[in-house]
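Have a look at the structure below before the remarks.
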Amino acid sequence: MNLQNITLISFGYFDSEFLRKIADEVQGEFFIDVQVREGFIDISEFYDPARSQYNANQLLQYVERQYSSGSSKTIGLFQVDFFIPIFTYIFGQAFLGGRSGIASLFRLSNERYGIEPDDNLLLERFSKEIIHELGHTFGLIHCIHPDCVMRSSTYAEDIDQKSSGLCPACKSVTEL
Amino acid sequence: MSKINSILIVDDEESVRDSLFNWFMEDGYYVECAEDASIALSRLESEHFDIILADIKMPGMDGLEMLRRIKSLKSDAVVIIMTAFATVDTAVQALKDGAYDYVTKPFDPDDLSHMIRNASRQIALAKENEVLKERVVTLENVEDIIGSSEAIKKVLKEVESVAQSNSSVIITGESGTGKELIAKAIHANSSRKYFPMVSVHCGALTESLLESELFGHEKGAFTGAMYNRKGRFEMADNGTIFLDEIASISTKMQVELLRVLETKSFIRVGGNKEIKSDFRIICASNHNLKQMVEQGAFREDLFYRLNVVNIYIPPLRERKEDIPLLTTYFMKKYCTSMNKPVATIDAGALHYLENLDFPGNIRELENMIERAIVIGNGKKITVKDFPTEKNIVAPSMESLGEQEKNHISFILDKYGWNISRSAKALQVDRVTLYNKIKKFNLRSRNK
């Protein structure tokens, strides 16, 4: 694939400065031009009242259908609580070796856990989650290297333990 | 530790299958899906999966029935049951039917990771166990019983026949013929091979020491008994006990041994608690036990209790065709242990060996080869590397009995008829030496 850029599609209100910083972090990791666009969606269509959460599988399909293009990697950014049928929650997901992914900051903020807000930490966590999902679109599976951004994270504090970068092994796979 | 590689997901809900499929793919597993139990079972006929993740509620055959069928075909299959409708009854039933774990949907992502990691560890341990078991079988599988003669083949055939049973065995043969090796081979080919084989050299111990060795003792049972100690019968539980030189045990020990064999229970020396042990007994003797029974030196009831199967190992002189093979084996063994290149033997030296009588049998041959490698130039063994006092027995020479009598007499005189020192020099126990003195009617010149 002749990759031209990475597109971050924001759904719902995101502070523009926040998004710019996110884009810078992502560009710093992948060395590819990162664009930020606003997306439109009737999010209520994806709400499951039984779970009180939003269906991540359907949202991913939506982003793939509506926003992805052949020469770009697209990540949909959300602020709602994702679920997939088997798990209580997820932070995000992507098509392995595909074009699109989604990420949510809903469970990344300290306030969610009764801890004092930390905007820098939120930015760091969200950037890592987006880079992680982008890694999956480049064909990367979960990595066991403790520092690698591709290491699987179940809890928000797990994300804090890893860096925002790819380990040498993962980097060599992506050929970036 | 090897990682699991393949997972089969069985669930009628497409969204569940897709979610799990993507999750496990992202973790690097090979994943397949089946939408119902029948499809899953037919996949499993032709393909192995390390883990099967199955829903309970499915149209047609449910997950529990599928679990039972999988377990009947492959008892070590790792099946994790998942359900959105958890009840205590189904959870208990699933685990009783052999499920590895039971989880309720939706589950915490970390829970799934932990479960897969634990399952992975269990599978790896099971595989490691299989590998180690095979290694144990390989290591103990008659590797030291060398020979191609009809005589030794007959012995090995007898070993094969008797190994699978629990019958008592008496192995007879001259000293140095490999009786303990045969006992080990019987144990290694039996269903008791994963449990200990415990050996006791009855001839080397006094009666009281033998009693303590066999039955164990309680703390304070006698002077020096500072701790409780398990006896050999106890250590041989589920395994095999090998009693070498059974002919040397006293009459009192014979009575006690008979009782243990009949009841499979005993009491430690100084104790009062009955201990049970399930062991198989193999004995060895270089004496003619039947003759000893006739002479009243060995209990007839004990003899028949032990002698369910008798395996006789012929002396080396009756299987001379095995000498070249044995020689080659010992040359390789000692050259390897001494870090020398493996030596060869010239035809003259081999011919010399084949004409020896070997009263010490294989042990003697081994000793000669080891000595030859130590003192020789290491490349080729010649006749010069063998002890010069080794004589080929000719009819005009003394008989074995005469040689034994003269040698014992010589040693006794040498050590002034000190029984302990003489026994040590002859490498026998005091009881055996007293029996020899009685047998040959030896007298001290000072008496």
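Following the order of the structure tokens, chains are lettered A, B, ..., residues in each are numbered from 1, and ligands are numbered from 1.
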I need the chain B residues near chain A as number ranges by chain; criterion: at most 6 Å, counting only C-alpha atoms. B: 16, 26-28, 105-110
Neighbours of Glu29 in chain A within 12 Å (only C-alpha atoms; same-chain residues fewer than 2 positions away dropped), as a ChimeraX atom specification? /A:6,22-27,31-34,127-128,130-132,134-135,149,163-167,171,174,176
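The gap separating CA of Leu67 in chain B from CA of Leu41 in chain B is 9.7 Å, in Å to one decimal.
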Can you pull out every residue from chain A that DSSP, working from the backbone, puts in helix (DSSP H, G or I), and format the result as an mmCIF file with N, CA and C atoms, in the first residue's frame?
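Generated file (out.cif):
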data_model
loop_
_atom_site.group_PDB
_atom_site.id
_atom_site.type_symbol
_atom_site.label_atom_id
_atom_site.label_comp_id
_atom_site.auth_asym_id
_atom_site.auth_seq_id
_atom_site.Cartn_x
_atom_site.Cartn_y
_atom_site.Cartn_z
ATOM 1 N N SER A 16 -9.812 21.379 20.128
ATOM 2 C CA SER A 16 -8.957 21.364 18.935
ATOM 3 C C SER A 16 -7.481 21.258 19.307
ATOM 4 N N GLU A 17 -7.099 21.929 20.398
ATOM 5 C CA GLU A 17 -5.708 21.875 20.829
ATOM 6 C C GLU A 17 -5.338 20.448 21.262
ATOM 7 N N PHE A 18 -6.286 19.824 21.925
ATOM 8 C CA PHE A 18 -6.109 18.420 22.363
ATOM 9 C C PHE A 18 -5.867 17.531 21.137
ATOM 10 N N LEU A 19 -6.705 17.760 20.119
ATOM 11 C CA LEU A 19 -6.580 16.934 18.916
ATOM 12 C C LEU A 19 -5.265 17.196 18.197
ATOM 13 N N ARG A 20 -4.813 18.441 18.205
ATOM 14 C CA ARG A 20 -3.559 18.777 17.547
ATOM 15 C C ARG A 20 -2.393 18.063 18.221
ATOM 16 N N LYS A 21 -2.431 18.067 19.534
ATOM 17 C CA LYS A 21 -1.363 17.387 20.278
ATOM 18 C C LYS A 21 -1.381 15.887 20.005
ATOM 19 N N ILE A 22 -2.594 15.335 19.937
ATOM 20 C CA ILE A 22 -2.717 13.909 19.619
ATOM 21 C C ILE A 22 -2.081 13.627 18.258
ATOM 22 N N ALA A 23 -2.435 14.477 17.284
ATOM 23 C CA ALA A 23 -1.927 14.289 15.923
ATOM 24 C C ALA A 23 -0.408 14.368 15.902
ATOM 25 N N ASP A 24 0.149 15.290 16.682
ATOM 26 C CA ASP A 24 1.610 15.420 16.749
ATOM 27 C C ASP A 24 2.252 14.153 17.313
ATOM 28 N N GLU A 25 1.642 13.619 18.346
ATOM 29 C CA GLU A 25 2.184 12.386 18.962
ATOM 30 C C GLU A 25 2.181 11.243 17.954
ATOM 31 N N VAL A 26 1.064 11.138 17.238
ATOM 32 C CA VAL A 26 0.928 10.037 16.275
ATOM 33 C C VAL A 26 1.926 10.214 15.128
ATOM 34 N N GLN A 27 2.047 11.437 14.661
ATOM 35 C CA GLN A 27 2.991 11.712 13.569
ATOM 36 C C GLN A 27 4.420 11.433 14.038
ATOM 37 N N GLY A 28 4.701 11.785 15.284
ATOM 38 C CA GLY A 28 6.038 11.555 15.820
ATOM 39 C C GLY A 28 6.400 10.084 15.862
ATOM 40 N N GLU A 29 5.390 9.258 15.940
ATOM 41 C CA GLU A 29 5.667 7.821 16.009
ATOM 42 C C GLU A 29 5.726 7.178 14.633
ATOM 43 N N PHE A 30 4.857 7.580 13.738
ATOM 44 C CA PHE A 30 4.772 6.900 12.444
ATOM 45 C C PHE A 30 5.454 7.658 11.300
ATOM 46 N N ILE A 43 -24.910 8.708 17.188
ATOM 47 C CA ILE A 43 -24.315 7.701 18.077
ATOM 48 C C ILE A 43 -25.366 6.839 18.761
ATOM 49 N N SER A 44 -26.593 7.393 18.876
ATOM 50 C CA SER A 44 -27.644 6.649 19.575
ATOM 51 C C SER A 44 -27.977 5.330 18.863
ATOM 52 N N GLU A 45 -27.681 5.284 17.566
ATOM 53 C CA GLU A 45 -27.976 4.043 16.813
ATOM 54 C C GLU A 45 -27.110 2.883 17.292
ATOM 55 N N PHE A 46 -26.030 3.221 17.952
ATOM 56 C CA PHE A 46 -25.075 2.176 18.341
ATOM 57 C C PHE A 46 -25.133 1.865 19.829
ATOM 58 N N ALA A 56 -19.004 -1.491 19.874
ATOM 59 C CA ALA A 56 -17.749 -1.147 19.198
ATOM 60 C C ALA A 56 -17.633 -1.839 17.845
ATOM 61 N N ASN A 57 -18.172 -3.052 17.725
ATOM 62 C CA ASN A 57 -18.100 -3.750 16.428
ATOM 63 C C ASN A 57 -18.822 -2.937 15.354
ATOM 64 N N GLN A 58 -20.015 -2.464 15.706
ATOM 65 C CA GLN A 58 -20.824 -1.706 14.733
ATOM 66 C C GLN A 58 -20.179 -0.357 14.434
ATOM 67 N N LEU A 59 -19.601 0.266 15.457
ATOM 68 C CA LEU A 59 -18.948 1.559 15.241
ATOM 69 C C LEU A 59 -17.742 1.402 14.323
ATOM 70 N N LEU A 60 -17.006 0.346 14.508
ATOM 71 C CA LEU A 60 -15.840 0.091 13.650
ATOM 72 C C LEU A 60 -16.285 -0.115 12.196
ATOM 73 N N GLN A 61 -17.364 -0.874 12.042
ATOM 74 C CA GLN A 61 -17.892 -1.101 10.690
ATOM 75 C C GLN A 61 -18.300 0.215 10.059
ATOM 76 N N TYR A 62 -18.901 1.066 10.877
ATOM 77 C CA TYR A 62 -19.374 2.379 10.391
ATOM 78 C C TYR A 62 -18.193 3.220 9.900
ATOM 79 N N VAL A 63 -17.162 3.302 10.720
ATOM 80 C CA VAL A 63 -15.976 4.095 10.350
ATOM 81 C C VAL A 63 -15.343 3.533 9.084
ATOM 82 N N GLU A 64 -15.282 2.235 9.004
ATOM 83 C CA GLU A 64 -14.698 1.585 7.819
ATOM 84 C C GLU A 64 -15.500 1.923 6.569
ATOM 85 N N ARG A 65 -16.791 1.872 6.734
ATOM 86 C CA ARG A 65 -17.691 2.071 5.588
ATOM 87 C C ARG A 65 -17.698 3.528 5.137
ATOM 88 N N GLN A 66 -17.771 4.421 6.116
ATOM 89 C CA GLN A 66 -18.020 5.831 5.815
ATOM 90 C C GLN A 66 -16.757 6.663 5.610
ATOM 91 N N TYR A 67 -15.649 6.261 6.236
ATOM 92 C CA TYR A 67 -14.527 7.193 6.278
ATOM 93 C C TYR A 67 -13.196 6.656 5.769
ATOM 94 N N ASN A 110 -8.902 9.971 34.608
ATOM 95 C CA ASN A 110 -8.769 9.671 36.035
ATOM 96 C C ASN A 110 -10.089 9.789 36.786
ATOM 97 N N GLU A 111 -10.919 10.749 36.337
ATOM 98 C CA GLU A 111 -12.199 11.006 37.035
ATOM 99 C C GLU A 111 -13.057 9.744 37.060
ATOM 100 N N ARG A 112 -12.908 8.923 36.015
ATOM 101 C CA ARG A 112 -13.693 7.689 35.914
ATOM 102 C C ARG A 112 -13.449 6.805 37.127
ATOM 103 N N TYR A 113 -12.237 6.944 37.720
ATOM 104 C CA TYR A 113 -11.842 6.058 38.807
ATOM 105 C C TYR A 113 -11.778 6.798 40.140
ATOM 106 N N ASP A 119 -5.079 16.160 32.757
ATOM 107 C CA ASP A 119 -5.253 16.276 31.299
ATOM 108 C C ASP A 119 -4.060 15.750 30.537
ATOM 109 N N ASN A 120 -2.859 15.962 31.074
ATOM 110 C CA ASN A 120 -1.651 15.477 30.379
ATOM 111 C C ASN A 120 -1.647 13.963 30.317
ATOM 112 N N LEU A 121 -2.055 13.363 31.447
ATOM 113 C CA LEU A 121 -2.102 11.891 31.489
ATOM 114 C C LEU A 121 -3.152 11.362 30.512
ATOM 115 N N LEU A 122 -4.293 12.067 30.442
ATOM 116 C CA LEU A 122 -5.350 11.663 29.512
ATOM 117 C C LEU A 122 -4.846 11.725 28.068
ATOM 118 N N LEU A 123 -4.128 12.811 27.761
ATOM 119 C CA LEU A 123 -3.569 12.975 26.410
ATOM 120 C C LEU A 123 -2.607 11.833 26.089
ATOM 121 N N GLU A 124 -1.750 11.539 27.085
ATOM 122 C CA GLU A 124 -0.740 10.471 26.906
ATOM 123 C C GLU A 124 -1.428 9.122 26.675
ATOM 124 N N ARG A 125 -2.423 8.824 27.503
ATOM 125 C CA ARG A 125 -3.106 7.533 27.390
ATOM 126 C C ARG A 125 -3.847 7.411 26.052
ATOM 127 N N PHE A 126 -4.522 8.470 25.684
ATOM 128 C CA PHE A 126 -5.312 8.418 24.449
ATOM 129 C C PHE A 126 -4.396 8.282 23.228
ATOM 130 N N SER A 127 -3.264 9.016 23.252
ATOM 131 C CA SER A 127 -2.285 8.904 22.155
ATOM 132 C C SER A 127 -1.801 7.467 22.030
ATOM 133 N N LYS A 128 -1.456 6.863 23.151
ATOM 134 C CA LYS A 128 -0.949 5.484 23.132
ATOM 135 C C LYS A 128 -2.014 4.531 22.584
ATOM 136 N N GLU A 129 -3.256 4.741 22.989
ATOM 137 C CA GLU A 129 -4.342 3.853 22.542
ATOM 138 C C GLU A 129 -4.544 3.984 21.037
ATOM 139 N N ILE A 130 -4.463 5.217 20.530
ATOM 140 C CA ILE A 130 -4.627 5.439 19.087
ATOM 141 C C ILE A 130 -3.460 4.793 18.333
ATOM 142 N N ILE A 131 -2.240 4.991 18.829
ATOM 143 C CA ILE A 131 -1.063 4.400 18.186
ATOM 144 C C ILE A 131 -1.178 2.876 18.219
ATOM 145 N N HIS A 132 -1.669 2.333 19.323
ATOM 146 C CA HIS A 132 -1.862 0.882 19.460
ATOM 147 C C HIS A 132 -2.816 0.353 18.387
ATOM 148 N N GLU A 133 -3.952 1.041 18.221
ATOM 149 C CA GLU A 133 -4.920 0.574 17.210
ATOM 150 C C GLU A 133 -4.367 0.742 15.806
ATOM 151 N N LEU A 134 -3.623 1.837 15.590
ATOM 152 C CA LEU A 134 -2.965 2.011 14.286
ATOM 153 C C LEU A 134 -1.994 0.867 14.040
ATOM 154 N N GLY A 135 -1.287 0.463 15.091
ATOM 155 C CA GLY A 135 -0.372 -0.661 14.961
ATOM 156 C C GLY A 135 -1.081 -1.906 14.445
ATOM 157 N N HIS A 136 -2.285 -2.151 14.924
ATOM 158 C CA HIS A 136 -3.057 -3.312 14.441
ATOM 159 C C HIS A 136 -3.372 -3.161 12.963
ATOM 160 N N THR A 137 -3.674 -1.930 12.525
ATOM 161 C CA THR A 137 -3.984 -1.751 11.090
ATOM 162 C C THR A 137 -2.737 -1.998 10.244
ATOM 163 N N ALA A 156 -6.467 1.051 32.645
ATOM 164 C CA ALA A 156 -5.856 2.330 32.274
ATOM 165 C C ALA A 156 -4.416 2.410 32.789
ATOM 166 N N GLU A 157 -4.192 1.889 33.996
ATOM 167 C CA GLU A 157 -2.822 1.967 34.541
ATOM 168 C C GLU A 157 -1.852 1.078 33.773
ATOM 169 N N ASP A 158 -2.373 0.065 33.063
ATOM 170 C CA ASP A 158 -1.504 -0.762 32.206
ATOM 171 C C ASP A 158 -0.939 0.094 31.074
ATOM 172 N N ILE A 159 -1.784 1.006 30.573
ATOM 173 C CA ILE A 159 -1.349 1.876 29.469
ATOM 174 C C ILE A 159 -0.204 2.767 29.955
ATOM 175 N N ASP A 160 -0.262 3.173 31.230
ATOM 176 C CA ASP A 160 0.780 4.053 31.776
ATOM 177 C C ASP A 160 2.138 3.353 31.848
ATOM 178 N N GLN A 161 2.119 2.012 31.922
ATOM 179 C CA GLN A 161 3.373 1.266 32.078
ATOM 180 C C GLN A 161 4.175 1.174 30.785
ATOM 181 N N PRO A 168 11.690 -2.462 18.660
ATOM 182 C CA PRO A 168 12.383 -2.705 17.387
ATOM 183 C C PRO A 168 11.767 -3.830 16.562
ATOM 184 N N ALA A 169 11.296 -4.878 17.230
ATOM 185 C CA ALA A 169 10.710 -6.006 16.481
ATOM 186 C C ALA A 169 9.448 -5.577 15.756
ATOM 187 N N CYS A 170 8.580 -4.841 16.459
ATOM 188 C CA CYS A 170 7.337 -4.380 15.834
ATOM 189 C C CYS A 170 7.628 -3.355 14.748
ATOM 190 N N LYS A 171 8.607 -2.526 14.998
ATOM 191 C CA LYS A 171 8.953 -1.505 14.016
ATOM 192 C C LYS A 171 9.413 -2.163 12.713
ATOM 193 N N SER A 172 10.157 -3.233 12.852
ATOM 194 C CA SER A 172 10.678 -3.880 11.643
ATOM 195 C C SER A 172 9.542 -4.508 10.839
ATOM 196 N N VAL A 173 8.485 -4.917 11.518
ATOM 197 C CA VAL A 173 7.339 -5.506 10.813
ATOM 198 C C VAL A 173 6.620 -4.456 9.982
ATOM 199 N N THR A 174 6.493 -3.264 10.585
ATOM 200 C CA THR A 174 5.759 -2.216 9.877
ATOM 201 C C THR A 174 6.600 -1.580 8.781
#
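With only C-alpha atoms taken into account, the protein and nucleic acid residues at most 6 Å from range 76-89 of chain B (excluding it and anything under 4 positions from it in its own chain) are Ile51, Ile52, Leu53, Ala54, Asp55, Ile56, Ala99, Tyr100, Asp101, Tyr102, Val103, Thr104 and Lys105 of chain B.
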Keeping only N, CA and C atoms, write the selected residues to a file as a PDB file, in the first residue's frame.
ATOM      1  N   ILE B  51      -7.024 -25.149  22.715  1.00  0.00           N
ATOM      2  CA  ILE B  51      -8.113 -24.749  23.603  1.00  0.00           C
ATOM      3  C   ILE B  51      -9.405 -24.657  22.801  1.00  0.00           C
ATOM      4  N   ILE B  52     -10.474 -25.117  23.415  1.00  0.00           N
ATOM      5  CA  ILE B  52     -11.803 -24.956  22.807  1.00  0.00           C
ATOM      6  C   ILE B  52     -12.606 -24.063  23.740  1.00  0.00           C
ATOM      7  N   LEU B  53     -13.130 -22.985  23.162  1.00  0.00           N
ATOM      8  CA  LEU B  53     -13.911 -22.017  23.933  1.00  0.00           C
ATOM      9  C   LEU B  53     -15.342 -22.157  23.441  1.00  0.00           C
ATOM     10  N   ALA B  54     -16.232 -22.648  24.315  1.00  0.00           N
ATOM     11  CA  ALA B  54     -17.568 -23.008  23.813  1.00  0.00           C
ATOM     12  C   ALA B  54     -18.674 -22.403  24.648  1.00  0.00           C
ATOM     13  N   ASP B  55     -19.706 -21.976  23.946  1.00  0.00           N
ATOM     14  CA  ASP B  55     -20.906 -21.476  24.615  1.00  0.00           C
ATOM     15  C   ASP B  55     -21.741 -22.677  25.067  1.00  0.00           C
ATOM     16  N   ILE B  56     -22.572 -22.474  26.075  1.00  0.00           N
ATOM     17  CA  ILE B  56     -23.454 -23.566  26.507  1.00  0.00           C
ATOM     18  C   ILE B  56     -24.699 -23.616  25.624  1.00  0.00           C
ATOM     19  N   ALA B  99     -14.705 -29.641  32.235  1.00  0.00           N
ATOM     20  CA  ALA B  99     -14.329 -28.332  31.689  1.00  0.00           C
ATOM     21  C   ALA B  99     -13.138 -27.778  32.459  1.00  0.00           C
ATOM     22  N   TYR B 100     -12.261 -27.103  31.740  1.00  0.00           N
ATOM     23  CA  TYR B 100     -11.111 -26.494  32.399  1.00  0.00           C
ATOM     24  C   TYR B 100     -11.548 -25.303  33.247  1.00  0.00           C
ATOM     25  N   ASP B 101     -12.497 -24.540  32.706  1.00  0.00           N
ATOM     26  CA  ASP B 101     -12.999 -23.378  33.441  1.00  0.00           C
ATOM     27  C   ASP B 101     -14.391 -23.030  32.930  1.00  0.00           C
ATOM     28  N   TYR B 102     -15.031 -22.152  33.639  1.00  0.00           N
ATOM     29  CA  TYR B 102     -16.420 -21.764  33.332  1.00  0.00           C
ATOM     30  C   TYR B 102     -16.489 -20.259  33.535  1.00  0.00           C
ATOM     31  N   VAL B 103     -16.838 -19.534  32.457  1.00  0.00           N
ATOM     32  CA  VAL B 103     -16.859 -18.076  32.564  1.00  0.00           C
ATOM     33  C   VAL B 103     -18.189 -17.525  32.100  1.00  0.00           C
ATOM     34  N   THR B 104     -18.527 -16.387  32.672  1.00  0.00           N
ATOM     35  CA  THR B 104     -19.802 -15.745  32.338  1.00  0.00           C
ATOM     36  C   THR B 104     -19.547 -14.577  31.410  1.00  0.00           C
ATOM     37  N   LYS B 105     -20.314 -14.515  30.322  1.00  0.00           N
ATOM     38  CA  LYS B 105     -20.201 -13.382  29.393  1.00  0.00           C
ATOM     39  C   LYS B 105     -21.037 -12.219  29.942  1.00  0.00           C
TER      40      LYS B 105
END
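CA of Glu262 in chain B sits 16.8 Å away from CA of Phe242 in chain B.
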Straight-line distance linking CA of Gly271 in chain B with CA of Gly224 in chain B, stated in Å to one decimal: 15.5 Å
Please identify all polymer residues within 8 Å of Glu370 in chain B, counting only C-alpha atoms, omitting same-chain residues fewer than 4 positions from it, and present them as a list in words.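 Those residues are Phe330, Met331, Tyr334, Glu366 and Val374 of chain B.
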Any chance you can output those residues with N, CA and C atoms as a PDB file, in the first residue's frame?
ATOM      1  N   PHE B 330      32.002 -51.584  27.277  1.00  0.00           N
ATOM      2  CA  PHE B 330      32.801 -51.068  28.398  1.00  0.00           C
ATOM      3  C   PHE B 330      33.921 -50.164  27.904  1.00  0.00           C
ATOM      4  N   MET B 331      34.484 -50.475  26.741  1.00  0.00           N
ATOM      5  CA  MET B 331      35.532 -49.590  26.195  1.00  0.00           C
ATOM      6  C   MET B 331      34.953 -48.207  25.944  1.00  0.00           C
ATOM      7  N   TYR B 334      34.161 -46.357  29.383  1.00  0.00           N
ATOM      8  CA  TYR B 334      35.268 -45.812  30.166  1.00  0.00           C
ATOM      9  C   TYR B 334      36.092 -44.803  29.394  1.00  0.00           C
ATOM     10  N   GLU B 366      34.330 -56.089  33.196  1.00  0.00           N
ATOM     11  CA  GLU B 366      34.276 -54.618  33.220  1.00  0.00           C
ATOM     12  C   GLU B 366      35.525 -54.074  33.923  1.00  0.00           C
ATOM     13  N   VAL B 374      42.874 -47.553  31.628  1.00  0.00           N
ATOM     14  CA  VAL B 374      43.617 -46.648  32.503  1.00  0.00           C
ATOM     15  C   VAL B 374      45.111 -46.783  32.272  1.00  0.00           C
TER      16      VAL B 374
END
Exercise: Leu316 in chain B partners within 10 Å, only C-alpha atoms, chain neighbours under 3 positions left out, as a list in words: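 Contacts, with the query itself left out: Ala151, Ile152, Glu174, Gly176, Thr177, Ile313, Arg319, Lys320, Glu321, Asp322, Ile323, Glu354, Leu356, Asp357, Phe358, Pro359, Gly360, Asn361, Ile362, Arg363, Glu364 and Leu365 of chain B.
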Save out the residues we just selected, C-alpha atoms, as a tab-separated table (two decimals), in the first residue's frame.
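The resulting file, again_21.tsv, is shown below:
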chain	number	residue	atom	x	y	z
B	151	ALA	CA	20.97	-67.17	26.74
B	152	ILE	CA	20.57	-63.45	27.37
B	174	GLU	CA	26.64	-66.04	40.09
B	176	GLY	CA	28.65	-60.22	38.84
B	177	THR	CA	26.13	-61.50	36.30
B	313	ILE	CA	21.13	-65.40	34.61
B	319	ARG	CA	27.51	-66.85	26.93
B	320	LYS	CA	30.96	-66.17	25.53
B	321	GLU	CA	29.50	-64.88	22.28
B	322	ASP	CA	28.49	-61.77	24.24
B	323	ILE	CA	32.06	-60.96	25.29
B	354	GLU	CA	36.99	-65.25	25.22
B	356	LEU	CA	38.88	-66.77	30.29
B	357	ASP	CA	36.59	-68.32	32.84
B	358	PHE	CA	35.43	-65.09	34.51
B	359	PRO	CA	34.45	-66.30	37.95
B	360	GLY	CA	33.50	-62.69	38.61
B	361	ASN	CA	31.47	-62.60	35.42
B	362	ILE	CA	30.58	-59.29	33.83
B	363	ARG	CA	31.80	-57.29	36.78
B	364	GLU	CA	35.20	-58.89	36.35
B	365	LEU	CA	35.26	-58.23	32.61
What are the DSSP strand (DSSP E) residues of range 2-132 of chain A, as number ranges by chain? A: 5-10, 33-38, 47-48, 53-55, 72-78, 82-84, 87-90, 92-94, 100-104
